[in-house]
Amino acid sequence: AELPDEERNCVQPYDLPDNISYRALADKYAELKPYLVTTSSQHSTIDFKNPDAVRVLNQALLSVYFGLRIHLPSNSLCPTISNRLNYVKWLSANIVSEFIPGPLNGLDIGTGASCIYPLLGARYLPQCSFVGTDINEDSVATALANVAQNELQGRIKVFLNTDRQTTLPLDAPGFPQPNVDADGSSFAFCMCNPPFYESSDERERLRRMKLGAPSLNTVAKDDELYTEGGEEAFLSRLVDESATMARRIKWYTTMVGKKSTLALLKARLRGVGAKQAREGVLIQGRTTRWVLAWSFLGQSRLCLDASLTLDDARAWLCDSMQELNIDAVSYEPESAGCASGGL
């Protein structure tokens with residue numbers, strides 16, 4: 001359900017524990033019990049190569065720890081909750097925390113049938129509302145149903161993007177545009193978990209390069225895993241489109257699956273005139289992902305965390321610009337505080 005306005009800026013107690021007892025989880029979510037298996041050391045777990053077991057596990061985690069009811073179709077990508085939550089936490093610590101208290105809007109590119117990022121975001125970031133986009137009509141229909149059964153229609157909108165060449169459909173007919181801020185922005189941030197592969201052959205080749213057998217048997221629609229040119233082409237297009245949208249989104253962010261793509265994108269940001277960039281590393285088991293964030297607003301146009309001094313801000317900004325080989329952005333000290341207004 002929607003949170004009252006006075007609660008939307010409070011930290012909400014939604015998180016995953018450091019260690020999960022599958023037996024205790026099954027006691028709270030009975031549908032998980034048939035999938036429990038006992039190890040040689042008499043501990044309970046599940047068979048992570050069984051797609052049905054993983055799907056029910058994720059439903060149990062979302063229900064018990066986030067109060068979310070969700071339908072995950074058997075032919076759609078079943079998101080790993082801990083991985084997705086790590087991205088949301090990174091956004092919370094590195095982007096959302098810088099804005100003045102008040103409602104914010106986020107855009108999720110490729111939200112999928114699960115609508116996982118907006119749903120997790122609605123719990124973990126109670127000040128945020130979301131628009132999720134997807135190019136698959138079936139995924140959009142399921143995402144809308146997942147939003148409705150959690151009574152979050154007031155905070156989450158889902159939009160069918162019919163133009164597969166556009167990653168940021170803000171100008172598409174019928175797009176649920178939020179209110180425009182005084183500086184021309186509609187969204188505080190966007191987020192993206194892109195298709196990482198160009199083809200099943202590339203996916204198999206990269207899988208063989210990893211040590212050991214895969215721990216998950218991933219089932220998904222083709223457009224959730226593959227895209228022409230792979231993640232490099234998809235995210236290069238996102239960077240180029242962001243330059244056109246510029247300040248309409250304060251911070252552009254994306255997950256990146258390959259370090260070679262990360263290096264290419266950081267170089268591309270210099271060419272499109274990004275003024276700020278940030279990078280994070282998310283490690284979950286044997287999987288490493290990177291988060292890249294960039295903005296076309298100078299530091300003076302964004303709200304700094306109150307714990308940062310002006311010297312801290314200058315030092316961080318100079319380091320970031322040096323890393324990207326971008327000329328440092330000049331700004332006057334008196335303009336480095338929080339911008340008036342906000343999303």
# chains A, B, ... in the order shown; residues from 1 in each chain; ligands from 1

$ residues_around --residues "range 168-184 of chain A" --least-positions-apart "4" --cutoff "8 Å" --atoms "only C-alpha atoms" --output "PyMOL selection string"
chain A and resi 105+109+131+157+159+161+163+238+241-242+247-248+341-343

$ residues_around --residues "range 267-276 of chain A" --least-positions-apart "5" --cutoff "6 Å" --atoms "only C-alpha atoms" --output "number ranges by chain"
A: 243, 294-296, 298, 326

$ residues_around --residues "range 69-72 of chain A" --least-positions-apart "5" --cutoff "7 Å" --atoms "only C-alpha atoms" --output "PyMOL selection string"
chain A and resi 55+59+62-63+78+114+146+149-150

$ closest_residue --among "A:Leu85, A:Met255, A:Ile249, A:Ala293" --to "Cys192 in chain A" --atoms "only C-alpha atoms"
A:Met255

$ select_by_dssp --residues "range 27-112 of chain A" --states "alpha helix (DSSP H)" --output "ChimeraX atom specification"
/A:27-28,51-66,81-94

$ residues_around --residues "Pro13 in chain A" --least-positions-apart "5" --cutoff "10 Å" --atoms "only C-alpha atoms" --output "CSV table (one decimal) with C-alpha atoms, in the first residue's frame"
chain,number,residue,atom,x,y,z
A,65,TYR,CA,11.2,-9.6,3.9
A,66,PHE,CA,9.5,-6.9,1.7
A,123,ARG,CA,9.9,-0.4,-0.3
A,124,TYR,CA,13.5,0.5,0.2

$ closest_residue --among "A:Glu232, A:Ser40, A:Trp290, A:Met245" --to "Leu264 in chain A" --atoms "only C-alpha atoms"
A:Glu232

$ closest_residue --among "A:Leu104, A:Leu61, A:Val239, A:Leu25" --to "Ala122 in chain A" --atoms "only C-alpha atoms"
A:Leu104

$ closest_residue --among "A:Ala233, A:Leu68, A:Gly102, A:Ser92" --to "Leu152 in chain A" --atoms "only C-alpha atoms"
A:Leu68

$ closest_residue --among "A:Leu119, A:Leu292, A:Ile283, A:Ala188" --to "Phe99 in chain A" --atoms "only C-alpha atoms"
A:Ala188

$ residues_around --residues "Arg84 in chain A" --least-positions-apart "5" --cutoff "12 Å" --atoms "only C-alpha atoms" --output "list in words"
Asp15, Leu16, Asn58, Leu62, Cys78, Pro79, Lys89, Trp90, Leu91, Thr111, Ser114, Cys115, Ile116, Tyr117, Pro118, Leu119, Leu120, Gly121, Tyr124, Met191, Cys192, Asn193, Thr254, Met255, Leu282, Ile283, Gln284, Arg289 and Val291 of chain A

$ select_by_dssp --residues "range 109-281 of chain A" --states "strand (DSSP E)" --output "JSON, numbers by chain"
{"A": [109, 128, 129, 130, 131, 132, 133, 134, 156, 157, 158, 159, 160, 187, 188, 189, 190, 191, 192, 249, 250, 251, 252, 253, 254, 255, 256, 276, 277, 278, 279, 280, 281]}

$ atom_distance --atom1 "CA of Ala93 in chain A" --atom2 "CA of Ser21 in chain A"
27.5 Å

$ atom_distance --atom1 "CA of Gln127 in chain A" --atom2 "CA of Ala143 in chain A"
20.9 Å

$ atom_distance --atom1 "CA of Leu57 in chain A" --atom2 "CA of Lys28 in chain A"
11.7 Å

$ closest_residue --among "A:Thr162, A:Asn94, A:Thr80, A:Thr244" --to "Thr287 in chain A" --atoms "only C-alpha atoms"
A:Thr80
